[in-house]
Structures are given as structure tokens and as C-alpha cells.
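*Asks:* Have a look at the structure that comes next, please.
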Amino acid sequence: MTKYLTLIFKNLLRSKRRNILTILSIAVSLFIFAVLVSLPTFATQMLADTTSSVRILCRTKMGLGYPLPVAYKSKIASIPHVVAVAPVVIYGGIYHEVSDQFPSVATEAAEIDMWSDWGFTGVDEFKKIKTACLVAEGTMRRFNLHVGQQIQLRGTVYPFNVTLTIVGTIVKGPVPSFLIFRRDYFEEAAGNPGIAHEFFVRVDDSRVVPEVCAAIDKQFANSPAETRSASEVAAIGSILGRYRIFMKLAEFLGLVAVVAIGLVAANSAAMSIRERRSEIAVMRSIGFPSWVILNLLVAESLIVALSGGAIGCGAAFGLFKVFALNADALGPFVSLHVPPFVLAETLGVAVLIGFFSAYVPARAAAKRSIVETLRLVD
């Protein structure tokens with residue numbers, strides 16, 4: 001076994017430039033493959049991590065720019081199976097500069113437990129202090145904020161500013177950079193408009209979600225502000241669905257890159273084997289079986305392909321790690337990463353490239369008779 005390994009590495013070092021270029025070509029293609037395949041996987045994972053099967057999102061049919069009357073809350077709460085209703089107002093303020101804008105919403109303090117799965121801290125203080133706010137950990141890191149600090153948001157949609165006190169953080173939410181404050185403070189600052197851009201509704205059983213959605217929309221049918229209700233998973237999934245065609249395109253382009261480099265690797269392997277016809281003939285003549293020669297040639301190709309795959313996977317993993325540490329402003333895509341199964345899949349593709357690019361020419365060379373091989377030597 002040791003002599004075979006020595007022979008393999010000796011042959012790999014013979015054509016250094018060709019092997020290095022082949023490794024880099026495979027690394028680039030598999031880097032692209034790992035990145036592009038991770039996008040749809042990330043979207044699915046984000047949907048699973050930040051949504052609840054018992055929450056419903058209720059909005060007006062005309063879109064977020066048209067608020068609903070907050071009086072809808074009591075009517076929604078009276079529908080069977082509804083256990084909590086939280087009206088939400090989208091404020092959209094700016095912290096310092098225009099580039100410092102991040103999502104900010106207001107909701108009722110009594111209903112903050114609607115999103116208990118988001119990992120809040122400081123909930124008790126939020127319920128006591130009118131100017132309290134909860135800030136996502138991504139926003140805290142981005143602006144170097146701390147609990148107890150007072151901040152001011154400048155109104156964009158609404159012509160007034162809000163001065164808020166950070167009383168807690170949001171560990172896990174739909175995006176890593178956002179803020180929640182109290183709706184009663186918003187109502188007071190806005191002159192009590194009595195509006196909500198959306199209602200979050202929690203039911204007692206995930207199986208009744210379609211039934212409750214239909215009941216809510218029927219309740220407000222033919223009213224001046226008709227509603228469109230859907231499960232939280234479906235509502236957020238519909239937003240991600242707009243980008244699904246791009247996700248499919250990304251997967252296709254990743255596959256094209258792999259196939260293209262696979263052909264390059266096959267050509268490189270065929271050239272390498274062709275140049276070594278005399279060596280193969282000599283090895284056959286001194287007693288090396290055909291299967292040993294075949295395995296040696298395929299092993300060389302596998303080492304080259306796996307080296308490129310490891311470099312490509314490492315580059316993709318490192319790229320997303322850099323974004324995760326330094327780019328909270330990217331919104332939800334700050335948590336983009338290469339899932340472990342994508343890394344395994346990418347290395348599996350590298351194995352396939354290495355095996356199939358060398359197997360056909362190697363098998364032909366190993367099976368060819370010694371006399372015929374010597375005749376083909378230039």
C-alpha cells in the first residue's frame with residue numbers, strides 16, 4: 001500500500017502546473033456550486049426557524065400602505081379558537097443617518113408574549129415603561145447599543161420622532177436587525193389614529209388555522225377595509241416565493257458550472273493518461289495487473305478533485321462566516337451559511353468529477369494490450 005501511495009504522489013508532482021490549475025478550476029466551480037445551492041436551503045431554513053404553526057398574519061387586501069382599524073382586534077378575538085390578537089404598526093424610523101434605517105414596529109405591551117419563541121429579554125420592563133423598546137441583537141451589535149441606553153428614531157412615514165429606552169433584546173427573530181416598541185406610545189405621539197398595519201393572531205391548534213383565516217376574512221368581507229389572512233408560514237413564504245425562480249436559476253447555474261469544469265477535468269485526465277502510455281506499458285510488462293493500474297490512475301484524479309472540492313467548500317464557508325461577523329446591515333441574509341449537508345454534497349460532487357473524468361480513459365489504457373500500447377507511443 002505504501003509503495004502505491006508513493007507512486008501516486010510522485011506522479012501528481014510530475015505535472016505540477018497542470019494539476020494545480022485543475023485543482024483551482026474545480027475549486028472555483030465547487031465554490032460557486034456550494035454558494036448557489038445554499039441560497040434556497042437558507043430560505044427554507046429561515047422560514048422554519050422564524051415562523052410558528054399557530055400564528056396567523058392578517059393584513060388588508062390593498063397592501064401594507066393601507067392600515068386597518070385597530071377596532072378589528074376585538075372582533076377577531078371573538079372568533080372561535082383565537083387565543084390572542086396583537087395589532088402591529090410599522091413605524092419605519094431612521095437612527096442617525098438614512099443608511100441607518102432598519103425595521104421598527106409598535107405593538108401592544110400586553111400582547112408581546114405572542115412572539116415568545118423569538119427569545120425576548122426584558123419583557124417585564126417592556127410592559128411597565130411606556131417608552132420601552134426591545135432591540136434585535138444584530139442591531140445592538142451594529143450600532144454598539146446596550147440595555148438601558150436611550151435612543152431616538154426620526155420619523156419617515158410619520159412626521160414625528162420617538163425617544164425610546166432599550167430594556168431588552170430579541171435573540172431570534174425574522175431578521176437580525178429590527179426593533180419593537182409600544183403601540184400606546186405610538187398612538188399618543190401620532191394623535192391616536194387607531195390603526196394597525198397588520199394583526200398577528202394566535203390560535204389554540206395549528207389544525208384550525210385555515211378555518212380561522214376564512215372566518216376572519218368573512219368577518220370583514222364587503223367592509224371598507226377587507227382583510228387577507230394566512231398562516232405566518234404561508235405569508236412569509238409568499239414573500240420568499242417571489243424569489244424562488246432566482247433560487248432555481250441559482251441551482252441550475254451551479255450545476256452548469258460543475259458540468260463545465262467536469263469536462264475540463266476529464267480532458268486534463270485524458271491528456272495525462274495519454275502522455276503516460278509508455279509507463280503504463282512498462283508497468284504491464286513487469287507484472288502490474290490491469291486493475292491496479294486502473295485504481296492508481298483513478299486515485300490520482302480523485303486526489304486532485306477532492307483537493308479542489310476542499311478548497312471550494314472552505315472558501316464558501318469562510319465567505320459566509322465573514323458576512324455573519326461583519327455585516328448585520330444585510331438584513332436576514334446576514335445569517336446565510338453553507339449547511340453541513342451542502343458541504344457533504346459538494347465533496348460528493350468532487351468525488352464524482354474525479355472518478356468519472358479519469359475512469360473511462362484509465363480503463364481503456366489499463367485494458368489495452370502491451371504491444372498495442374507501445375505502438376501508440378510517439
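Labels used: A, B, ... for chains in the order of the C-alpha cells, numbers from 1 for residues in each chain, and numbers from 1 for ligands as shown.
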Please tabulate, as JSON lines, the residues of range 103-125 of chain A that come within 12 Å of range 80-93 of chain A, each with its closest pair of atoms and the distance in Å to one decimal, counting only C-alpha atoms and ordering rows by chain, then residue number upward.
*Replies:*
{"residue": "A:Pro103", "atom": "CA", "partner": "A:Gly92", "partner_atom": "CA", "distance": 5.8}
{"residue": "A:Ser104", "atom": "CA", "partner": "A:Gly92", "partner_atom": "CA", "distance": 5.3}
{"residue": "A:Val105", "atom": "CA", "partner": "A:Ile90", "partner_atom": "CA", "distance": 4.5}
{"residue": "A:Ala106", "atom": "CA", "partner": "A:Val89", "partner_atom": "CA", "distance": 5.1}
{"residue": "A:Thr107", "atom": "CA", "partner": "A:Val88", "partner_atom": "CA", "distance": 4.8}
{"residue": "A:Glu108", "atom": "CA", "partner": "A:Ala86", "partner_atom": "CA", "distance": 6.5}
{"residue": "A:Ala109", "atom": "CA", "partner": "A:Ala86", "partner_atom": "CA", "distance": 9.1}
{"residue": "A:Ala110", "atom": "CA", "partner": "A:Ala86", "partner_atom": "CA", "distance": 8.6}
{"residue": "A:Glu111", "atom": "CA", "partner": "A:Ala86", "partner_atom": "CA", "distance": 5.6}
{"residue": "A:Ile112", "atom": "CA", "partner": "A:Ala86", "partner_atom": "CA", "distance": 7.7}
{"residue": "A:Asp113", "atom": "CA", "partner": "A:Ala84", "partner_atom": "CA", "distance": 9.3}
{"residue": "A:Met114", "atom": "CA", "partner": "A:Ala86", "partner_atom": "CA", "distance": 7.1}
{"residue": "A:Trp115", "atom": "CA", "partner": "A:Ala86", "partner_atom": "CA", "distance": 9.8}
*Asks:* Name the residues in contact with range 310-312 of chain A at a cut-off of 10 Å, using only C-alpha atoms, excluding same-chain residues fewer than 3 positions from it; report them as a list in words.
*Replies:*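 Residues meeting the cut-off are Ile23, Leu24, Ser25, Ile26, Ala27, Val28, Ser29, Leu30, Phe31, Ile32, Phe33, Ala34, Val35, Ala305, Leu306, Ser307, Ala315, Ala316, Phe317, Gly318, Leu343, Thr346, Leu347 and Ala350 of chain A.
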*Asks:* Could those selected residues go to a file with N, CA and C atoms, as an mmCIF file, in the first residue's frame?
*Replies:*
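In the end it all went to out_32.cif:
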data_model
loop_
_atom_site.group_PDB
_atom_site.id
_atom_site.type_symbol
_atom_site.label_atom_id
_atom_site.label_comp_id
_atom_site.auth_asym_id
_atom_site.auth_seq_id
_atom_site.Cartn_x
_atom_site.Cartn_y
_atom_site.Cartn_z
ATOM 1 N N ILE A 23 -6.905 21.723 -10.057
ATOM 2 C CA ILE A 23 -7.427 21.862 -8.686
ATOM 3 C C ILE A 23 -8.133 23.209 -8.518
ATOM 4 N N LEU A 24 -7.511 24.270 -9.012
ATOM 5 C CA LEU A 24 -8.117 25.602 -8.872
ATOM 6 C C LEU A 24 -9.400 25.711 -9.680
ATOM 7 N N SER A 25 -9.436 25.102 -10.870
ATOM 8 C CA SER A 25 -10.653 25.128 -11.681
ATOM 9 C C SER A 25 -11.797 24.426 -10.958
ATOM 10 N N ILE A 26 -11.507 23.254 -10.405
ATOM 11 C CA ILE A 26 -12.532 22.517 -9.657
ATOM 12 C C ILE A 26 -12.938 23.294 -8.409
ATOM 13 N N ALA A 27 -11.975 23.917 -7.736
ATOM 14 C CA ALA A 27 -12.273 24.692 -6.523
ATOM 15 C C ALA A 27 -13.226 25.844 -6.836
ATOM 16 N N VAL A 28 -12.969 26.564 -7.927
ATOM 17 C CA VAL A 28 -13.827 27.700 -8.291
ATOM 18 C C VAL A 28 -15.239 27.219 -8.615
ATOM 19 N N SER A 29 -15.347 26.157 -9.400
ATOM 20 C CA SER A 29 -16.676 25.666 -9.785
ATOM 21 C C SER A 29 -17.452 25.156 -8.576
ATOM 22 N N LEU A 30 -16.786 24.458 -7.670
ATOM 23 C CA LEU A 30 -17.483 23.926 -6.495
ATOM 24 C C LEU A 30 -17.754 25.012 -5.458
ATOM 25 N N PHE A 31 -16.940 26.065 -5.439
ATOM 26 C CA PHE A 31 -17.262 27.224 -4.615
ATOM 27 C C PHE A 31 -18.575 27.851 -5.096
ATOM 28 N N ILE A 32 -18.688 28.053 -6.413
ATOM 29 C CA ILE A 32 -19.920 28.600 -6.987
ATOM 30 C C ILE A 32 -21.101 27.677 -6.696
ATOM 31 N N PHE A 33 -20.866 26.371 -6.852
ATOM 32 C CA PHE A 33 -21.928 25.385 -6.608
ATOM 33 C C PHE A 33 -22.407 25.447 -5.155
ATOM 34 N N ALA A 34 -21.473 25.462 -4.200
ATOM 35 C CA ALA A 34 -21.839 25.480 -2.782
ATOM 36 C C ALA A 34 -22.597 26.744 -2.416
ATOM 37 N N VAL A 35 -22.156 27.892 -2.943
ATOM 38 C CA VAL A 35 -22.822 29.159 -2.640
ATOM 39 C C VAL A 35 -24.236 29.176 -3.204
ATOM 40 N N ALA A 305 -9.386 16.089 -7.541
ATOM 41 C CA ALA A 305 -10.750 16.601 -7.431
ATOM 42 C C ALA A 305 -11.120 16.924 -5.985
ATOM 43 N N LEU A 306 -10.751 16.047 -5.053
ATOM 44 C CA LEU A 306 -11.074 16.287 -3.644
ATOM 45 C C LEU A 306 -10.297 17.486 -3.090
ATOM 46 N N SER A 307 -9.089 17.695 -3.567
ATOM 47 C CA SER A 307 -8.339 18.881 -3.144
ATOM 48 C C SER A 307 -9.065 20.149 -3.584
ATOM 49 N N ALA A 315 -13.639 27.930 1.007
ATOM 50 C CA ALA A 315 -13.823 29.323 0.587
ATOM 51 C C ALA A 315 -15.273 29.766 0.782
ATOM 52 N N ALA A 316 -16.239 28.901 0.438
ATOM 53 C CA ALA A 316 -17.653 29.242 0.611
ATOM 54 C C ALA A 316 -17.996 29.405 2.086
ATOM 55 N N PHE A 317 -17.532 28.470 2.911
ATOM 56 C CA PHE A 317 -17.788 28.540 4.350
ATOM 57 C C PHE A 317 -17.181 29.801 4.947
ATOM 58 N N GLY A 318 -15.946 30.104 4.554
ATOM 59 C CA GLY A 318 -15.268 31.289 5.082
ATOM 60 C C GLY A 318 -15.924 32.582 4.647
ATOM 61 N N LEU A 343 -22.147 21.011 2.195
ATOM 62 C CA LEU A 343 -20.708 20.726 2.173
ATOM 63 C C LEU A 343 -20.456 19.271 1.773
ATOM 64 N N THR A 346 -21.249 18.851 -1.881
ATOM 65 C CA THR A 346 -20.202 19.429 -2.731
ATOM 66 C C THR A 346 -18.997 18.504 -2.815
ATOM 67 N N LEU A 347 -18.596 17.929 -1.686
ATOM 68 C CA LEU A 347 -17.479 16.980 -1.710
ATOM 69 C C LEU A 347 -17.858 15.724 -2.493
ATOM 70 N N ALA A 350 -17.364 16.499 -6.010
ATOM 71 C CA ALA A 350 -15.930 16.443 -6.308
ATOM 72 C C ALA A 350 -15.483 15.007 -6.563
#
*Asks:* Go through A:Leu134, A:Leu253, A:Ile79, A:Met62 and flag the residue nearest Ile180 in chain A, using only C-alpha atoms for the distances.
*Replies:*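 Checking each candidate against Ile180 in chain A, we get A:Leu134 as the closest.
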*Asks:* If you run DSSP on the backbone here, which positions in range 54-294 of chain A get helix (DSSP H, G or I)? Please write them as number ranges by chain.
*Replies:* A: 72-77, 98-100, 109-118, 123-128, 137-143, 183-190, 206-219, 232-241, 244-275, 277-285, 290-294
*Asks:* Go ahead and save the picked residues with C-alpha atoms, as an mmCIF file, in the first residue's frame.
*Replies:*
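Generated output (selection11.cif):
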data_model
loop_
_atom_site.group_PDB
_atom_site.id
_atom_site.type_symbol
_atom_site.label_atom_id
_atom_site.label_comp_id
_atom_site.auth_asym_id
_atom_site.auth_seq_id
_atom_site.Cartn_x
_atom_site.Cartn_y
_atom_site.Cartn_z
ATOM 1 C CA TYR A 72 -60.832 44.916 14.341
ATOM 2 C CA LYS A 73 -58.932 43.411 17.257
ATOM 3 C CA SER A 74 -61.988 42.729 19.422
ATOM 4 C CA LYS A 75 -63.899 41.210 16.501
ATOM 5 C CA ILE A 76 -61.011 38.898 15.634
ATOM 6 C CA ALA A 77 -60.614 37.922 19.301
ATOM 7 C CA VAL A 98 -30.640 57.444 6.186
ATOM 8 C CA SER A 99 -28.323 54.459 5.770
ATOM 9 C CA ASP A 100 -29.024 53.554 9.411
ATOM 10 C CA ALA A 109 -47.252 45.554 25.533
ATOM 11 C CA ALA A 110 -49.847 43.114 26.843
ATOM 12 C CA GLU A 111 -49.529 41.002 23.688
ATOM 13 C CA ILE A 112 -45.730 40.850 23.461
ATOM 14 C CA ASP A 113 -45.844 37.181 24.500
ATOM 15 C CA MET A 114 -47.331 36.493 21.058
ATOM 16 C CA TRP A 115 -43.699 36.087 19.879
ATOM 17 C CA SER A 116 -42.226 34.379 22.938
ATOM 18 C CA ASP A 117 -40.376 31.973 20.625
ATOM 19 C CA TRP A 118 -38.191 34.881 19.447
ATOM 20 C CA VAL A 123 -40.232 41.635 28.830
ATOM 21 C CA ASP A 124 -41.314 42.752 32.326
ATOM 22 C CA GLU A 125 -39.720 46.196 31.864
ATOM 23 C CA PHE A 126 -41.312 46.441 28.395
ATOM 24 C CA LYS A 127 -44.742 46.006 29.958
ATOM 25 C CA LYS A 128 -44.075 48.659 32.628
ATOM 26 C CA GLU A 137 -29.087 41.524 18.834
ATOM 27 C CA GLY A 138 -27.937 42.294 15.276
ATOM 28 C CA THR A 139 -28.978 45.930 15.703
ATOM 29 C CA MET A 140 -27.315 46.081 19.112
ATOM 30 C CA ARG A 141 -24.016 44.932 17.603
ATOM 31 C CA ARG A 142 -24.336 47.115 14.524
ATOM 32 C CA PHE A 143 -24.720 50.370 16.454
ATOM 33 C CA ARG A 183 -48.167 50.930 20.389
ATOM 34 C CA ASP A 184 -49.690 53.111 23.113
ATOM 35 C CA TYR A 185 -46.626 55.375 22.839
ATOM 36 C CA PHE A 186 -47.056 55.460 19.062
ATOM 37 C CA GLU A 187 -50.775 56.286 19.388
ATOM 38 C CA GLU A 188 -50.045 59.138 21.780
ATOM 39 C CA ALA A 189 -47.331 60.602 19.523
ATOM 40 C CA ALA A 190 -49.446 60.188 16.377
ATOM 41 C CA SER A 206 -52.443 24.501 14.117
ATOM 42 C CA ARG A 207 -55.133 22.323 12.502
ATOM 43 C CA VAL A 208 -57.726 25.111 12.740
ATOM 44 C CA VAL A 209 -55.559 27.762 11.035
ATOM 45 C CA PRO A 210 -57.331 27.532 7.618
ATOM 46 C CA GLU A 211 -60.718 27.668 9.335
ATOM 47 C CA VAL A 212 -59.809 30.755 11.392
ATOM 48 C CA CYS A 213 -58.272 32.517 8.354
ATOM 49 C CA ALA A 214 -61.513 32.013 6.444
ATOM 50 C CA ALA A 215 -63.578 33.233 9.414
ATOM 51 C CA ILE A 216 -61.513 36.423 9.781
ATOM 52 C CA ASP A 217 -61.806 37.320 6.103
ATOM 53 C CA LYS A 218 -65.530 36.526 6.119
ATOM 54 C CA GLN A 219 -65.982 38.779 9.164
ATOM 55 C CA GLU A 232 -47.475 33.009 9.206
ATOM 56 C CA VAL A 233 -45.598 30.322 7.292
ATOM 57 C CA ALA A 234 -47.659 30.957 4.145
ATOM 58 C CA ALA A 235 -47.465 34.756 4.463
ATOM 59 C CA ILE A 236 -43.685 34.869 4.796
ATOM 60 C CA GLY A 237 -43.315 32.006 2.334
ATOM 61 C CA SER A 238 -45.197 34.022 -0.293
ATOM 62 C CA ILE A 239 -42.584 36.787 0.051
ATOM 63 C CA LEU A 240 -39.781 34.293 -0.387
ATOM 64 C CA GLY A 241 -41.732 32.702 -3.233
ATOM 65 C CA ARG A 244 -37.993 31.209 -5.953
ATOM 66 C CA ILE A 245 -37.329 31.489 -9.682
ATOM 67 C CA PHE A 246 -33.987 33.095 -8.859
ATOM 68 C CA MET A 247 -33.272 30.274 -6.414
ATOM 69 C CA LYS A 248 -33.954 27.691 -9.139
ATOM 70 C CA LEU A 249 -31.806 29.659 -11.556
ATOM 71 C CA ALA A 250 -29.021 29.706 -8.972
ATOM 72 C CA GLU A 251 -29.161 25.915 -8.622
ATOM 73 C CA PHE A 252 -29.135 25.499 -12.415
ATOM 74 C CA LEU A 253 -26.127 27.803 -12.829
ATOM 75 C CA GLY A 254 -24.291 25.905 -10.104
ATOM 76 C CA LEU A 255 -24.958 22.652 -11.957
ATOM 77 C CA VAL A 256 -23.779 24.179 -15.261
ATOM 78 C CA ALA A 257 -20.535 25.313 -13.612
ATOM 79 C CA VAL A 258 -19.910 21.818 -12.244
ATOM 80 C CA VAL A 259 -20.601 20.130 -15.596
ATOM 81 C CA ALA A 260 -18.324 22.575 -17.435
ATOM 82 C CA ILE A 261 -15.432 22.025 -15.047
ATOM 83 C CA GLY A 262 -16.122 18.290 -15.066
ATOM 84 C CA LEU A 263 -15.469 18.294 -18.816
ATOM 85 C CA VAL A 264 -12.268 20.276 -18.264
ATOM 86 C CA ALA A 265 -11.136 17.787 -15.627
ATOM 87 C CA ALA A 266 -11.949 14.869 -17.958
ATOM 88 C CA ASN A 267 -9.889 16.426 -20.716
ATOM 89 C CA SER A 268 -6.977 17.011 -18.301
ATOM 90 C CA ALA A 269 -7.128 13.408 -17.060
ATOM 91 C CA ALA A 270 -7.257 12.038 -20.622
ATOM 92 C CA MET A 271 -4.209 14.109 -21.626
ATOM 93 C CA SER A 272 -2.281 12.978 -18.559
ATOM 94 C CA ILE A 273 -3.009 9.309 -19.227
ATOM 95 C CA ARG A 274 -2.172 9.649 -22.916
ATOM 96 C CA GLU A 275 1.236 11.114 -22.071
ATOM 97 C CA ARG A 277 1.284 5.328 -22.327
ATOM 98 C CA SER A 278 4.884 4.112 -22.265
ATOM 99 C CA GLU A 279 4.894 3.957 -18.469
ATOM 100 C CA ILE A 280 1.643 2.015 -18.449
ATOM 101 C CA ALA A 281 3.065 -0.441 -20.990
ATOM 102 C CA VAL A 282 6.206 -0.927 -18.881
ATOM 103 C CA MET A 283 4.142 -1.467 -15.718
ATOM 104 C CA ARG A 284 2.049 -4.082 -17.530
ATOM 105 C CA SER A 285 5.161 -5.830 -18.821
ATOM 106 C CA SER A 290 -4.733 -4.018 -15.093
ATOM 107 C CA TRP A 291 -6.954 -3.349 -12.080
ATOM 108 C CA VAL A 292 -4.008 -1.959 -10.077
ATOM 109 C CA ILE A 293 -3.109 0.462 -12.877
ATOM 110 C CA LEU A 294 -6.753 1.483 -13.203
#
*Asks:* Write out as a ChimeraX atom specification all residues of range 66-112 of chain A that backbone DSSP assigns to strand (DSSP E or B).
*Replies:* /A:68-69,82-90,94,101,104-107
*Asks:* Mind pulling up the distance from CA of Leu36 in chain A to CA of Ile353 in chain A?
*Replies:*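 Computing the Euclidean distance for CA of Ile353 in chain A and CA of Leu36 in chain A yields 18.3 Å.
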*Asks:* Name the residues in contact with Val342 in chain A at a cut-off of 8 Å, using only C-alpha atoms, excluding same-chain residues fewer than 3 positions from it; report them as a compact mmCIF listing (two decimals) with N, CA, C and O atoms, in the first residue's frame.
*Replies:*
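Dumped everything to selection-v3.txt:
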# COMPACT_ATOMS: atom_id res chain seq x y z
N ALA A 34 -21.47 25.46 -4.20
CA ALA A 34 -21.84 25.48 -2.78
C ALA A 34 -22.60 26.74 -2.42
O ALA A 34 -23.59 26.70 -1.68
N VAL A 37 -26.21 26.68 -4.25
CA VAL A 37 -27.11 25.66 -3.69
C VAL A 37 -27.53 26.03 -2.27
O VAL A 37 -28.61 25.65 -1.81
N SER A 38 -26.72 26.81 -1.57
CA SER A 38 -27.05 27.20 -0.19
C SER A 38 -28.19 28.21 -0.14
O SER A 38 -28.88 28.31 0.89
N VAL A 338 -23.37 27.96 4.73
CA VAL A 338 -23.37 26.73 3.94
C VAL A 338 -23.76 25.59 4.88
O VAL A 338 -23.00 25.25 5.79
N PRO A 339 -24.93 24.99 4.69
CA PRO A 339 -25.35 23.89 5.58
C PRO A 339 -24.41 22.71 5.48
O PRO A 339 -23.79 22.48 4.42
N GLU A 345 -22.51 17.36 0.11
CA GLU A 345 -22.95 17.23 -1.28
C GLU A 345 -21.88 17.73 -2.24
O GLU A 345 -21.61 17.12 -3.29
N THR A 346 -21.25 18.85 -1.88
CA THR A 346 -20.20 19.43 -2.73
C THR A 346 -19.00 18.50 -2.81
O THR A 346 -18.43 18.30 -3.90
*Asks:* Determine the nearest neighbour of Ser223 in chain A from the options A:Gln149, A:Asn19, A:Thr60, A:Thr163, counting only C-alpha atoms.
*Replies:*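 Using only C-alpha atoms, the shortest distance to Ser223 in chain A belongs to A:Thr60.
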*Asks:* Give me, please, the distance in Å between CA of Phe341 in chain A and CA of Ile170 in chain A, quoted to one decimal.
*Replies:*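 If I compute the distance from CA of Phe341 in chain A to CA of Ile170 in chain A, I get 28.6 Å.
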*Asks:* Just checking: using only C-alpha atoms, which residue out of A:Ala71, A:Glu300, A:Thr121, A:Arg55 ends up closest to Asp204 in chain A?
*Replies:* A:Arg55
*Asks:* I'd like the contact shell of Ala132 in chain A - 7 Å cut-off, only C-alpha atoms, skipping same-chain residues fewer than 6 positions apart - returned as a list in words.
*Replies:*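 Contacts, with the query itself left out: Phe126, Leu164, Thr165, Ile166, Val167, Phe181 and Arg182 of chain A.
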*Asks:* Which residues, written as number ranges by chain, have at least one atom at most 8 Å from range 66-69 of chain A, with only C-alpha atoms counted and residues fewer than 3 positions away on the same chain left out?
*Replies:* A: 59-60, 62-63, 72, 194-198, 225
*Asks:* One decimal, in Å: what's the spacing between CA of Gly173 in chain A and CA of Gly119 in chain A?
*Replies:*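 About the pair CA of Gly173 in chain A and CA of Gly119 in chain A: they are 7.9 Å apart.
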